[in-house]
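Below is protein_11.csv, which holds CSV, C-alpha atoms and all ligand atoms.
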chain,number,residue,atom,x,y,z
A,853,MET,CA,10.9,-56.0,63.8
A,854,GLU,CA,7.6,-54.1,64.4
A,855,GLU,CA,6.9,-54.2,60.6
A,856,ASN,CA,7.5,-58.0,60.7
A,857,GLU,CA,5.2,-58.4,63.7
A,858,LYS,CA,2.5,-56.4,61.9
A,859,THR,CA,2.8,-58.6,58.8
A,860,ASP,CA,2.7,-61.7,61.0
A,861,LYS,CA,-0.4,-60.5,62.7
A,862,GLU,CA,-2.1,-59.7,59.4
A,863,LEU,CA,-1.2,-63.0,57.9
A,864,VAL,CA,-2.3,-65.1,60.9
A,865,LYS,CA,-5.6,-63.1,61.1
A,866,LYS,CA,-6.4,-63.7,57.5
A,867,ILE,CA,-5.6,-67.5,57.7
A,868,LEU,CA,-7.7,-67.9,60.9
A,869,GLU,CA,-10.6,-66.1,59.1
A,870,GLY,CA,-10.5,-69.0,56.7
A,871,ASN,CA,-8.3,-67.6,53.9
A,872,THR,CA,-6.2,-70.8,53.7
A,873,GLN,CA,-4.3,-69.7,50.5
A,874,ILE,CA,-2.6,-67.0,52.5
A,875,PHE,CA,-0.7,-69.8,54.3
A,876,GLU,CA,1.4,-70.0,51.1
A,877,ILE,CA,3.0,-66.7,52.0
A,878,VAL,CA,3.9,-68.0,55.4
A,879,ILE,CA,5.5,-71.1,53.8
A,880,THR,CA,7.4,-69.0,51.3
A,881,LYS,CA,8.6,-66.6,54.0
A,882,THR,CA,9.8,-69.3,56.4
A,883,GLN,CA,10.8,-72.4,54.3
A,884,GLY,CA,14.4,-71.4,54.1
A,885,LEU,CA,14.8,-71.5,57.9
A,886,VAL,CA,12.5,-74.6,58.3
A,887,LEU,CA,14.4,-76.6,55.6
A,888,SER,CA,17.8,-75.6,56.9
A,889,ILE,CA,16.9,-77.1,60.3
A,890,ILE,CA,15.4,-80.2,58.8
A,891,TYR,CA,18.2,-80.8,56.3
A,892,LYS,CA,20.8,-80.4,59.1
A,893,MET,CA,19.0,-82.7,61.6
A,894,ILE,CA,17.7,-85.4,59.3
A,895,LYS,CA,19.7,-87.3,56.7
A,896,ASP,CA,17.1,-89.4,54.8
A,897,GLU,CA,15.7,-87.4,51.8
A,898,GLU,CA,12.2,-88.9,52.0
A,899,ASP,CA,12.0,-88.2,55.7
A,900,GLN,CA,13.1,-84.6,55.1
A,901,LYS,CA,10.3,-84.1,52.6
A,902,ASP,CA,7.7,-85.7,54.9
A,903,LEU,CA,8.8,-83.8,57.9
A,904,ALA,CA,8.7,-80.4,56.0
A,905,GLN,CA,5.1,-81.1,55.2
A,906,GLU,CA,4.3,-82.3,58.7
A,907,VAL,CA,5.8,-79.1,60.2
A,908,TYR,CA,3.5,-76.9,58.2
A,909,LEU,CA,0.4,-79.0,58.8
A,910,LYS,CA,1.2,-78.8,62.5
A,911,ALA,CA,1.8,-75.0,62.3
A,912,PHE,CA,-1.5,-74.6,60.4
A,913,ASN,CA,-3.5,-76.5,63.0
A,914,LYS,CA,-1.8,-74.8,66.0
A,915,LEU,CA,-2.0,-71.3,64.4
A,916,GLY,CA,-4.8,-70.3,66.7
A,917,SER,CA,-2.5,-70.8,69.7
A,918,PHE,CA,0.3,-68.6,68.3
A,919,ASN,CA,0.6,-65.7,70.8
A,920,PHE,CA,2.9,-63.3,68.9
A,921,LYS,CA,5.5,-63.3,71.7
A,922,ALA,CA,8.1,-64.4,69.2
A,923,LYS,CA,8.3,-63.9,65.4
A,924,LEU,CA,6.1,-66.3,63.4
A,925,SER,CA,9.3,-67.7,61.8
A,926,THR,CA,10.8,-68.5,65.2
A,927,TRP,CA,7.6,-70.2,66.3
A,928,ILE,CA,7.5,-72.3,63.2
A,929,ALA,CA,11.2,-73.1,63.6
A,930,THR,CA,10.5,-74.3,67.1
A,931,ILE,CA,7.8,-76.6,65.8
A,932,THR,CA,10.4,-77.8,63.2
A,933,TYR,CA,13.1,-78.5,65.7
A,934,ASN,CA,10.7,-80.4,68.0
A,935,THR,CA,9.3,-82.4,65.1
A,936,CYS,CA,12.9,-83.4,64.0
A,937,LEU,CA,13.7,-84.2,67.6
A,938,ASN,CA,10.7,-86.6,67.9
A,939,HIS,CA,11.7,-88.2,64.6
A,940,LEU,CA,15.3,-88.8,65.8
A,941,SER,CA,14.1,-90.1,69.1
A,942,LYS,CA,11.6,-92.5,67.4
A,943,LYS,CA,14.5,-93.8,65.2
A,944,LYS,CA,16.8,-93.9,68.3
A,945,LEU,CA,19.3,-91.7,66.6
A,946,PRO,CA,21.6,-89.5,68.8
A,947,MET,CA,21.2,-85.8,68.7
A,948,LEU,CA,24.6,-85.1,70.2
A,949,ASN,CA,27.6,-87.4,70.5
A,950,LEU,CA,29.7,-86.0,73.3
A,951,SER,CA,32.8,-88.2,72.6
A,952,ASP,CA,34.3,-85.5,70.4
A,953,ASN,CA,37.8,-85.6,69.1
A,954,LYS,CA,40.4,-84.2,71.4
A,955,GLU,CA,42.4,-81.3,70.1
A,956,LYS,CA,46.0,-81.9,69.4
A,957,SER,CA,48.3,-79.0,70.2
A,958,SER,CA,50.3,-79.5,67.1
A,959,ARG,CA,47.2,-78.5,65.0
A,960,GLU,CA,47.6,-74.9,66.2
A,961,LEU,CA,50.9,-74.8,64.3
A,962,ILE,CA,49.2,-75.3,60.9
A,963,GLU,CA,45.7,-73.9,61.6
A,964,ASN,CA,46.3,-70.5,60.1
A,965,GLN,CA,47.4,-72.0,56.8
A,966,PHE,CA,44.0,-73.4,55.9
A,967,PHE,CA,42.1,-70.2,56.6
A,968,LEU,CA,44.6,-67.4,56.2
A,969,ASN,CA,47.3,-68.2,53.7
A,970,THR,CA,45.4,-66.0,51.3
A,971,GLU,CA,43.1,-63.2,52.4
A,972,ILE,CA,39.6,-64.6,52.5
A,973,GLN,CA,37.9,-61.5,51.2
A,974,THR,CA,40.2,-61.0,48.2
A,975,GLU,CA,41.0,-64.6,47.2
A,976,ASP,CA,40.1,-66.4,44.0
A,977,PRO,CA,36.3,-67.2,44.0
A,978,LEU,CA,37.1,-70.7,42.8
A,979,ILE,CA,39.3,-71.3,45.9
A,980,LYS,CA,36.6,-69.9,48.1
A,981,GLN,CA,34.0,-72.1,46.5
A,982,GLU,CA,36.3,-75.1,47.1
A,983,ARG,CA,36.7,-74.2,50.8
A,984,ILE,CA,32.9,-73.8,51.2
A,985,LYS,CA,32.5,-77.3,49.7
A,986,ILE,CA,35.0,-78.7,52.1
A,987,VAL,CA,33.5,-76.9,55.1
A,988,THR,CA,29.9,-77.9,54.1
A,989,ALA,CA,31.0,-81.5,53.9
A,990,GLU,CA,32.7,-81.3,57.3
A,991,ILE,CA,29.6,-79.7,58.9
A,992,GLU,CA,27.6,-82.7,57.7
A,993,LYS,CA,29.9,-84.9,59.8
A,994,LEU,CA,29.0,-83.0,63.0
A,995,PRO,CA,26.3,-84.3,65.4
A,996,PRO,CA,22.8,-83.0,64.4
A,997,LEU,CA,22.6,-80.5,67.2
A,998,PHE,CA,25.9,-78.9,66.4
A,999,LYS,CA,25.1,-78.8,62.7
A,1000,THR,CA,21.8,-77.1,63.4
A,1001,ILE,CA,23.0,-74.5,65.9
A,1002,ILE,CA,26.1,-73.6,63.8
A,1003,THR,CA,23.9,-73.1,60.7
A,1004,LEU,CA,21.2,-71.1,62.6
A,1005,PHE,CA,23.9,-68.8,64.1
A,1006,HIS,CA,26.3,-68.3,61.2
A,1007,GLN,CA,24.2,-68.9,58.1
A,1008,GLN,CA,20.6,-67.9,59.1
A,1009,GLU,CA,22.1,-65.2,61.4
A,1010,LEU,CA,19.7,-65.8,64.2
A,1011,SER,CA,20.4,-64.3,67.7
A,1012,TYR,CA,21.3,-66.5,70.7
A,1013,LYS,CA,17.9,-65.7,72.1
A,1014,GLU,CA,16.1,-66.9,69.0
A,1015,ILE,CA,18.2,-70.1,68.8
A,1016,ALA,CA,17.6,-70.7,72.5
A,1017,MET,CA,13.9,-70.4,72.0
A,1018,ILE,CA,13.9,-72.8,69.0
A,1019,THR,CA,16.0,-75.4,70.7
A,1020,GLY,CA,14.8,-75.0,74.2
A,1021,LEU,CA,18.4,-74.8,75.4
A,1022,PRO,CA,19.5,-72.2,78.1
A,1023,GLU,CA,21.6,-69.5,76.5
A,1024,GLY,CA,24.7,-70.5,78.4
A,1025,THR,CA,24.4,-74.1,77.3
A,1026,LEU,CA,23.8,-72.9,73.7
A,1027,LYS,CA,26.9,-70.8,73.7
A,1028,SER,CA,29.0,-73.6,75.1
A,1029,TYR,CA,27.7,-76.0,72.4
A,1030,LEU,CA,28.5,-73.4,69.8
A,1031,TYR,CA,32.1,-73.1,71.0
A,1032,ARG,CA,32.4,-76.8,70.9
A,1033,ALA,CA,30.8,-77.1,67.5
A,1034,ARG,CA,33.2,-74.5,66.0
A,1035,LYS,CA,36.2,-76.0,67.7
A,1036,GLN,CA,35.3,-79.5,66.5
A,1037,LEU,CA,34.7,-78.2,63.0
A,1038,LYS,CA,38.0,-76.3,62.9
A,1039,ASN,CA,39.9,-79.4,64.2
A,1040,ASN,CA,38.3,-81.7,61.6
A,1041,LEU,CA,39.2,-79.2,58.8
A,1042,LEU,CA,42.8,-79.0,60.1
A,1043,THR,CA,43.1,-82.8,60.0
A,1044,ILE,CA,42.0,-82.8,56.4
A,1045,TYR,CA,44.3,-80.0,55.5
A,1046,LYS,CA,47.2,-81.8,57.1
A,1047,LYS,CA,46.4,-85.0,55.1
A,1048,GLU,CA,46.1,-83.1,51.8
A,1049,ASP,CA,49.3,-81.3,52.5
A,1050,LEU,CA,51.3,-84.5,52.9
B,1122,MET,CA,51.2,-62.2,80.9
B,1123,LYS,CA,51.8,-61.8,77.1
B,1124,ASN,CA,53.3,-65.4,76.9
B,1125,ILE,CA,50.1,-66.9,78.4
B,1126,HIS,CA,47.7,-66.9,75.6
B,1127,VAL,CA,43.9,-66.8,76.1
B,1128,SER,CA,41.8,-70.0,75.9
B,1129,ASP,CA,40.0,-71.2,72.8
B,1130,VAL,CA,36.7,-70.3,74.4
B,1131,ASP,CA,37.8,-66.8,75.0
B,1132,ILE,CA,39.1,-66.5,71.5
B,1133,GLN,CA,35.6,-67.4,70.2
B,1134,ARG,CA,34.0,-65.1,72.7
B,1135,PHE,CA,36.1,-62.3,71.4
B,1136,ALA,CA,35.2,-63.2,67.8
B,1137,PHE,CA,31.4,-63.7,68.2
B,1138,ASP,CA,30.3,-62.3,71.5
B,1139,GLN,CA,32.5,-59.4,72.5
B,1140,ASN,CA,30.0,-58.2,75.2
B,1141,GLY,CA,31.0,-61.2,77.3
B,1142,CYS,CA,34.7,-60.4,77.1
B,1143,GLU,CA,36.8,-59.3,80.1
B,1144,PRO,CA,38.8,-56.1,79.4
B,1145,LYS,CA,42.1,-57.9,80.3
B,1146,MET,CA,41.4,-60.5,77.7
B,1147,VAL,CA,40.5,-57.9,75.0
B,1148,GLU,CA,43.7,-56.1,75.8
B,1149,HIS,CA,45.8,-59.3,75.4
B,1150,ILE,CA,44.2,-60.3,72.1
B,1151,ARG,CA,44.6,-56.8,70.7
B,1152,THR,CA,48.3,-56.7,71.5
B,1153,CYS,CA,49.1,-60.4,70.8
B,1154,GLU,CA,49.7,-61.3,67.1
B,1155,LYS,CA,49.2,-65.0,67.7
B,1156,CYS,CA,45.9,-64.6,69.5
B,1157,GLN,CA,44.7,-62.1,66.9
B,1158,GLN,CA,45.5,-64.8,64.2
B,1159,ARG,CA,43.4,-67.3,66.2
B,1160,VAL,CA,40.5,-64.9,66.2
B,1161,ASP,CA,40.9,-64.3,62.4
B,1162,THR,CA,40.8,-68.1,61.9
B,1163,TYR,CA,37.4,-68.4,63.6
B,1164,LEU,CA,36.1,-65.3,61.7
B,1165,SER,CA,37.2,-66.9,58.4
B,1166,LEU,CA,35.6,-70.1,59.4
B,1167,ALA,CA,32.3,-68.2,60.1
B,1168,ASP,CA,32.6,-66.5,56.8
B,1169,ILE,CA,32.9,-69.8,55.0
B,1170,ILE,CA,29.9,-71.3,57.0
B,1171,LYS,CA,27.8,-68.3,55.9
B,1172,GLY,CA,28.6,-69.1,52.3
B,1173,GLN,CA,27.1,-72.6,52.5
B,1174,PRO,CA,24.7,-73.2,49.7
B,1175,LYS,CA,21.1,-72.6,50.7
B,1176,VAL,CA,18.7,-75.6,50.7
B,1177,THR,CA,16.7,-75.7,47.5
B,1178,PRO,CA,14.3,-78.7,47.4
B,1179,ASP,CA,13.3,-80.3,44.1
B,1180,TYR,CA,9.6,-80.0,45.0
B,1181,ASP,CA,7.2,-77.2,45.6
B,1182,LEU,CA,6.7,-77.4,49.4
B,1183,ALA,CA,3.9,-74.7,49.4
B,1184,ASN,CA,1.9,-76.6,46.8
B,1185,LEU,CA,2.3,-79.9,48.7
B,1186,VAL,CA,1.1,-78.4,52.0
B,1187,LEU,CA,-1.7,-76.4,50.5
B,1188,GLY,CA,-3.0,-79.5,48.7
B,1189,LYS,CA,-3.4,-81.2,52.1
B,1190,LEU,CA,-4.9,-78.2,53.8
B,1191,ALA,CA,-7.6,-76.5,51.7
B,1192,PRO,CA,-10.5,-78.2,49.9
B,1193,SER,CA,-10.7,-77.1,46.3
B,1194,LYS,CA,-12.5,-73.9,45.4
B,1195,LYS,CA,-15.2,-75.8,43.6
B,1196,THR,CA,-16.1,-77.8,46.7
B,1197,TRP,CA,-16.2,-74.6,48.8
B,1198,THR,CA,-18.6,-73.1,46.3
B,1199,ILE,CA,-21.0,-76.1,46.6
B,1200,TYR,CA,-20.9,-75.7,50.4
B,1201,ASN,CA,-21.6,-72.0,50.2
B,1202,TYR,CA,-24.6,-72.6,47.9
B,1203,LEU,CA,-25.9,-75.3,50.3
B,1204,ILE,CA,-25.5,-73.0,53.3
B,1205,GLY,CA,-27.1,-70.1,51.4
B,1206,PHE,CA,-30.0,-72.3,50.3
B,1207,ILE,CA,-30.7,-73.5,53.9
B,1208,VAL,CA,-30.6,-69.9,55.3
B,1209,PHE,CA,-32.9,-68.7,52.4
B,1210,LEU,CA,-35.3,-71.6,53.1
B,1211,VAL,CA,-35.5,-70.9,56.9
B,1212,VAL,CA,-36.0,-67.1,56.4
B,1213,GLY,CA,-38.6,-67.7,53.6
B,1214,VAL,CA,-40.6,-70.2,55.7
B,1215,ALA,CA,-40.5,-67.8,58.7
B,1216,ILE,CA,-41.8,-64.8,56.6
B,1217,LEU,CA,-44.5,-67.0,55.0
B,1218,THR,CA,-45.6,-68.3,58.3
B,1219,ILE,CA,-45.9,-64.8,59.8
B,1220,GLY,CA,-47.7,-63.5,56.7
B,1221,LEU,CA,-50.2,-66.4,56.4
B,1222,TYR,CA,-50.9,-67.0,60.1
B,1223,GLN,CA,-50.9,-63.4,61.4
B,1224,ASN,CA,-54.1,-63.9,63.4
B,1225,THR,CA,-53.0,-67.2,64.9
B,1226,ILE,CA,-49.7,-65.7,65.8
B,1227,SER,CA,-51.2,-62.7,67.5
B,1228,TYR,CA,-53.4,-65.2,69.4
B,1229,LEU,CA,-50.4,-67.2,70.3
B,1230,LEU,CA,-48.6,-64.1,71.4
B,1231,ASP,CA,-51.2,-63.6,74.1
B,1232,ASN,CA,-50.4,-67.0,75.4
B,1233,ALA,CA,-47.2,-66.5,77.5
B,1234,PHE,CA,-46.2,-70.1,77.7
B,1235,ILE,CA,-46.4,-70.9,74.0
B,1236,ASN,CA,-44.7,-67.6,73.2
B,1237,GLN,CA,-41.7,-68.6,75.4
B,1238,ALA,CA,-41.6,-72.1,74.0
B,1239,TYR,CA,-41.7,-70.7,70.5
B,1240,CYS,CA,-38.8,-68.3,71.2
B,1241,PHE,CA,-36.8,-71.1,72.9
B,1242,ALA,CA,-37.3,-73.6,70.1
B,1243,SER,CA,-36.4,-71.0,67.4
B,1244,ALA,CA,-33.2,-70.2,69.3
B,1245,ILE,CA,-32.3,-73.9,69.7
B,1246,ILE,CA,-32.9,-74.5,65.9
B,1247,PHE,CA,-30.8,-71.4,64.9
B,1248,ILE,CA,-27.9,-72.4,67.2
B,1249,THR,CA,-28.0,-76.0,66.0
B,1250,ILE,CA,-27.8,-74.9,62.3
B,1251,ILE,CA,-24.8,-72.6,63.0
B,1252,LEU,CA,-23.0,-75.3,65.0
B,1253,GLY,CA,-23.8,-77.9,62.4
B,1254,ILE,CA,-22.3,-75.8,59.6
B,1255,ASP,CA,-19.2,-75.1,61.7
B,1256,LEU,CA,-18.8,-78.8,62.6
B,1257,PHE,CA,-19.3,-79.9,59.0
B,1258,LYS,CA,-16.6,-77.4,57.9
B,1259,SER,CA,-14.0,-78.4,60.5
B,1260,PHE,CA,-14.8,-82.1,60.0
B,1261,ASN,CA,-14.1,-81.8,56.2
B,1262,ARG,CA,-10.9,-79.9,56.8
B,1263,LYS,CA,-9.6,-82.5,59.3
B,1264,LEU,CA,-10.7,-85.4,57.0
B,1265,LYS,CA,-8.8,-83.8,54.1
B,1266,ILE,CA,-5.6,-83.6,56.3
B,1267,VAL,CA,-6.0,-87.2,57.5
B,1268,ASN,CA,-6.7,-88.6,54.1
B,1269,ALA,CA,-3.7,-86.8,52.6
C,1301,ZN,ZN,48.2,-64.4,72.9

Have the structure of the file written as structure tokens, please.
Amino acid sequence: MEENEKTDKELVKKILEGNTQIFEIVITKTQGLVLSIIYKMIKDEEDQKDLAQEVYLKAFNKLGSFNFKAKLSTWIATITYNTCLNHLSKKKLPMLNLSDNKEKSSRELIENQFFLNTEIQTEDPLIKQERIKIVTAEIEKLPPLFKTIITLFHQQELSYKEIAMITGLPEGTLKSYLYRARKQLKNNLLTIYKKEDL
Amino acid sequence: MKNIHVSDVDIQRFAFDQNGCEPKMVEHIRTCEKCQQRVDTYLSLADIIKGQPKVTPDYDLANLVLGKLAPSKKTWTIYNYLIGFIVFLVVGVAILTIGLYQNTISYLLDNAFINQAYCFASAIIFITIILGIDLFKSFNRKLKIVNA
């Protein structure tokens, strides 16, 4: 963490001194996180590309106001999230559709089959790849906010604190949304599994 | 108690946020095979989510952004030469003036009012040059971003 902060400080200092080319390092270091947020929140490919550039232009212009209270990557991720949020609001697209599917109790009877019939750690890599494909497709069907927080927590492995900072959600609300996102994802997967099984 | 299984929220809390778990709940999950299976289901799901393919764009984002940020190196060199030339000119003129008009200057130095006015004017010119260069640089940078 301290080493990261030191590097952040050095990078920001050099850029503010006028060494614009150093900004490339910032982009390389943070684009995985930035793009994962954009690609989860925004569907249109052209918009994704435009927003990715807009985020970094904003970050560059606001760099002087970065106060090192968070990691540089978290700060840029916050800019990313807010930029996507503005974009969705301009296009009048919902961030979170709360009329989620209700869980049917019968699903519990079959739930373990999808995930646990074979040991996940030792199973055939082809089967695992197939499951990842199915889950990725199902994540895409979740509301933008759910997709984003589930990816930030499980794939990017950010802490509750960092995700709360990025999304501006209180930690309690964030945890509650994460529970609902996972539950909805699990239920959707079980529905598919049931259909395929028939 | 064993027949009353814990809620889905508590199962997830046990799987991903054990600090927030009540000891009673932990005890139940550890001793109940069904609830342990429910925990494992979520852990497996998390493992699959982690395995999602990383986003790999078919364009070079860094190149696109840098192209909109920084003027080319050649342009910077021209600006630097221009700034260097102006500074050289100002310093040269000042040295020449002092050298050629030493007598006049020493006469002027006796005159307090002109002396103050000279210092004031020099400071204003110097600050204006510095601000002008700075404004010119930031204007060009913003213009580049807007035009992009
Ligand atoms: Zn139980």

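Interatomic distance, CA of Ser1243 in chain B to CA of Leu1256 in chain B: 19.8 Å.
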
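Atom to atom, CA of Pro1144 in chain B and CA of Ile1132 in chain B stand 13.1 Å apart.
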
Note to self: Let me make sure I understand: among B:Arg1134, B:Lys1175, B:Arg1159, B:Lys1189, which one has the smallest atom-to-atom distance to ligand ZN 1301 (chain C) if we use all atoms listed in the file?
What the structure shows: B:Arg1159

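Closest to ligand ZN 1301 (chain C) among B:Lys1155, B:Cys1142, B:Asp1131, B:Phe1137 is B:Lys1155, based on only C-alpha atoms and all ligand atoms.
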
For chain B versus ligand ZN 1301 (chain C), which residues have an atom no more than 8 Å away, and what is each residue's nearest atom pair and distance in Å rounded to one decimal, using only C-alpha atoms and all ligand atoms, chain-then-number order, as a Markdown table?
| residue | atom | partner | partner_atom | distance |
| --- | --- | --- | --- | --- |
| B:Lys1123 | CA | C:ZN1301 | ZN | 6.1 |
| B:Asn1124 | CA | C:ZN1301 | ZN | 6.6 |
| B:Ile1125 | CA | C:ZN1301 | ZN | 6.3 |
| B:His1126 | CA | C:ZN1301 | ZN | 3.7 |
| B:Val1127 | CA | C:ZN1301 | ZN | 5.9 |
| B:His1149 | CA | C:ZN1301 | ZN | 6.2 |
| B:Ile1150 | CA | C:ZN1301 | ZN | 5.8 |
| B:Thr1152 | CA | C:ZN1301 | ZN | 7.8 |
| B:Cys1153 | CA | C:ZN1301 | ZN | 4.6 |
| B:Glu1154 | CA | C:ZN1301 | ZN | 6.7 |
| B:Lys1155 | CA | C:ZN1301 | ZN | 5.3 |
| B:Cys1156 | CA | C:ZN1301 | ZN | 4.1 |
| B:Gln1157 | CA | C:ZN1301 | ZN | 7.3 |

For the selection just defined, write its residues with C-alpha atoms to a file, as a PDB file, in the coordinates of the input.
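The new file result.pdb reads:
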ATOM      1  CA  LYS B1123      51.800 -61.800  77.100  1.00  0.00           C
ATOM      2  CA  ASN B1124      53.300 -65.400  76.900  1.00  0.00           C
ATOM      3  CA  ILE B1125      50.100 -66.900  78.400  1.00  0.00           C
ATOM      4  CA  HIS B1126      47.700 -66.900  75.600  1.00  0.00           C
ATOM      5  CA  VAL B1127      43.900 -66.800  76.100  1.00  0.00           C
ATOM      6  CA  HIS B1149      45.800 -59.300  75.400  1.00  0.00           C
ATOM      7  CA  ILE B1150      44.200 -60.300  72.100  1.00  0.00           C
ATOM      8  CA  THR B1152      48.300 -56.700  71.500  1.00  0.00           C
ATOM      9  CA  CYS B1153      49.100 -60.400  70.800  1.00  0.00           C
ATOM     10  CA  GLU B1154      49.700 -61.300  67.100  1.00  0.00           C
ATOM     11  CA  LYS B1155      49.200 -65.000  67.700  1.00  0.00           C
ATOM     12  CA  CYS B1156      45.900 -64.600  69.500  1.00  0.00           C
ATOM     13  CA  GLN B1157      44.700 -62.100  66.900  1.00  0.00           C
TER      14      GLN B1157
END

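For the pair CA of Leu1185 in chain B and CA of Lys1171 in chain B, the interatomic distance is 28.9 Å.
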
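Residues of chain A lying within 7 Å of chain B, counting only C-alpha atoms, are Thr872, Glu876, Ile879, Thr880, Gly884, Leu887, Ser888, Gln905, Tyr908, Leu909, Asn964, Phe967, Leu968, Ile972, Ile984, Val987, Thr988, His1006, Gln1007 and Tyr1031 of chain A.
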
Note to self: Could you check which residues have any atom within 10 Å of (13.4, -81.4, 64.5), counting all atoms listed in the file with coordinates taken straight from the file, and then list them as an MDAnalysis selection string?
What the structure shows: chainID A and resid 886 889:894 900 903:904 907 929:941 947 996:997 1000 1018:1019

Item checked: Closest of A:Gln1036, A:Thr1025, A:Ser1011, A:Gln981 to Lys999 in chain A - atom-to-atom distances counting only C-alpha atoms -> A:Gln1036

Notebook entry, point to check: With distances taken over only C-alpha atoms, which of A:Glu982, A:Glu990, A:Asp976, A:Glu862 is nearest to Lys1038 in chain A?
Noted result: A:Glu990
